[in-house]
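These notes concern the structure reproduced below.
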Amino acid sequence: MGYGYSTARELANKVLLGMGMSPMLNDTDFSVLSATDNYQRQSIVFLEQIQKRFALNCNSSRFMQRKFTFTTNAIDTQYEPDPTNQLFPIEGFKPNSFFNVTASGANNQRLHVATWSQWRQAYPRPDEMARGFPNWLIPVPEDGTDTVKVVLFPYPAGVYTIEGQGRIEAPDLTSGAQQLLFPKHYEHLLFTYLKMFLEQSINEGRQADWEAMAAQIFQEVMRDALGAEEEVEQIDIGIQLWRRHSDDSRRDYNPATDTVPPFSP
């Protein structure tokens, strides 16, 4: 399914015009307070918060998912799977979506996903391992830098192209040219809530007429955007990374000498 998207200024102006207010004339008005009046500034703030709210509530919908790729090297151990050419930050990875798609690669295959704790429990000293062909992907816990990172394991020994899928994150609105998260045939949800919040702010007493409609629209959008039942796949990522035990000793996997075992729960 293909989607078309409006910009933030286009939607905000639709609401402003519908309420008999002055529209914003330039995309830069979003970041220049002196160029906007009070209602225009409110529409910017409300639209940003509405979009962030529904981005969380609609995180399993089809239009919130994005495909992305990133490449590895023989030096780094962590990677940011959020290329600079993406419109929005990527988070909430889909566990079964990661593949090595390196051109002419002899080992192209799906990468298994494990949690950080599972990986560190199985391999307490991964820094001592030799580099090899990556078979696992491990999301790195949040470190306060507001950057999504992953570890590929074994640490890559060369350049590989990794393709995956994740959920987009609602950004701050700093320009009217920014694309909305919601496709055009779903953006009436944002329109309805933005109009409702502006009317509540103006306190004209008409917002009650919109609240029931807004709640109904949200349910309709969610029901349609989840897709057909056969598209919804249940995923269990409770994986245990493989490790060897010999009596009470433990030895990490060595890609130079060991054979990677099959994926097992």
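So you can find residues: chains in the structure tokens are A, B, ... in the order shown, residues in each start at 1, and ligands are numbered from 1 in order.
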
message: With DSSP run on the backbone, what are the alpha helix (DSSP H) residues within region 44-207 of chain A? I'd like them as an NGL selection string.
response: :A and (44-57 or 116-122 or 188-202)

- request: Identify which of the residues A:Thr161, A:Ser34, A:Asn135, A:Thr115 lies closest to Asn100 (chain A), counting only C-alpha atoms when measuring atom-to-atom distances.
  value: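 Distance minimum relative to Asn100 (chain A) lands on A:Thr161.
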
Polymer residues at most 9 Å from Leu137 (chain A), only C-alpha atoms, same-chain spacing of 5 or more positions, as a ChimeraX atom specification: /A:95,98,111-115,150-153

Can you write just those residues out, C-alpha atoms, as a PDB file, in the first residue's frame?
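Heads up, here's the output in part12.pdb:
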```pdb
ATOM      1  CA  PRO A  95      12.632  -8.834  15.800  1.00  0.00           C
ATOM      2  CA  PHE A  98      16.870  -8.260  10.185  1.00  0.00           C
ATOM      3  CA  LEU A 111      19.921 -12.340  11.907  1.00  0.00           C
ATOM      4  CA  HIS A 112      18.598 -13.616  15.219  1.00  0.00           C
ATOM      5  CA  VAL A 113      17.634 -11.055  17.853  1.00  0.00           C
ATOM      6  CA  ALA A 114      18.448 -11.267  21.558  1.00  0.00           C
ATOM      7  CA  THR A 115      18.200  -8.926  24.513  1.00  0.00           C
ATOM      8  CA  VAL A 150      22.620  -2.080  18.199  1.00  0.00           C
ATOM      9  CA  VAL A 151      25.413  -4.631  18.541  1.00  0.00           C
ATOM     10  CA  LEU A 152      26.069  -7.220  15.838  1.00  0.00           C
ATOM     11  CA  PHE A 153      27.597 -10.422  17.123  1.00  0.00           C
TER      12      PHE A 153
END
```

message: Need the shell around Lys94 (chain A): protein/DNA/RNA residues with any atom at most 8 Å away, counting only C-alpha atoms. Skip same-chain ones fewer than 6 positions apart. Format as a list in words?
response: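 After dropping sequence-adjacent residues, the list is Gly164, Gln165, Gly166 and Arg167 of chain A.
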
- request: Can you pull out every residue within 12 Å of Gln109 (chain A), counting only C-alpha atoms, but drop anything in the same chain fewer than 3 positions away, and send it as a PyMOL selection string?
  value: chain A and resi 96-102+105-106+112+133-136+160-163

- request: If you run DSSP over the backbone, which residues in region 38-164 of chain A end up strand (DSSP E or B)? Put them as a PyMOL selection string.
  value: chain A and resi 65-71+78-79+90-91+99-100+110+112-113+132+136-139+150-153+156+161-164

query: What is the CA of Thr192 (chain A)-CA of Pro171 (chain A) distance in Å, reported with one decimal?
result: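 Those two atoms sit 20.3 Å apart.
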
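Nearest residue to Leu16 (chain A), choosing from A:Gln40, A:Gln65, A:Asn108, A:Thr28 and counting only C-alpha atoms: A:Gln40.
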
message: Applying 10 Å and only C-alpha atoms, which residues near Ser6 (chain A) remain after dropping the ones on its own chain fewer than 4 positions away? List them as a list in words.
response: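 The residues satisfying every condition are Glu10, Leu11, Ala177, Gln178, Gln179, Leu180, Leu181, Phe182, Pro183, Lys184 and Glu187 of chain A.
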
message: List the spatial neighbours of Leu173 (chain A) as a list in words - criterion: any atom at most 9 Å away, only C-alpha atoms, same-chain residues fewer than 3 positions off excluded.
response: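 Everything that qualifies: Ala8, Phe30, Ser31, Ile44, Val45, Leu47, Glu48, Ala170, Gly176 and Gln178 of chain A.
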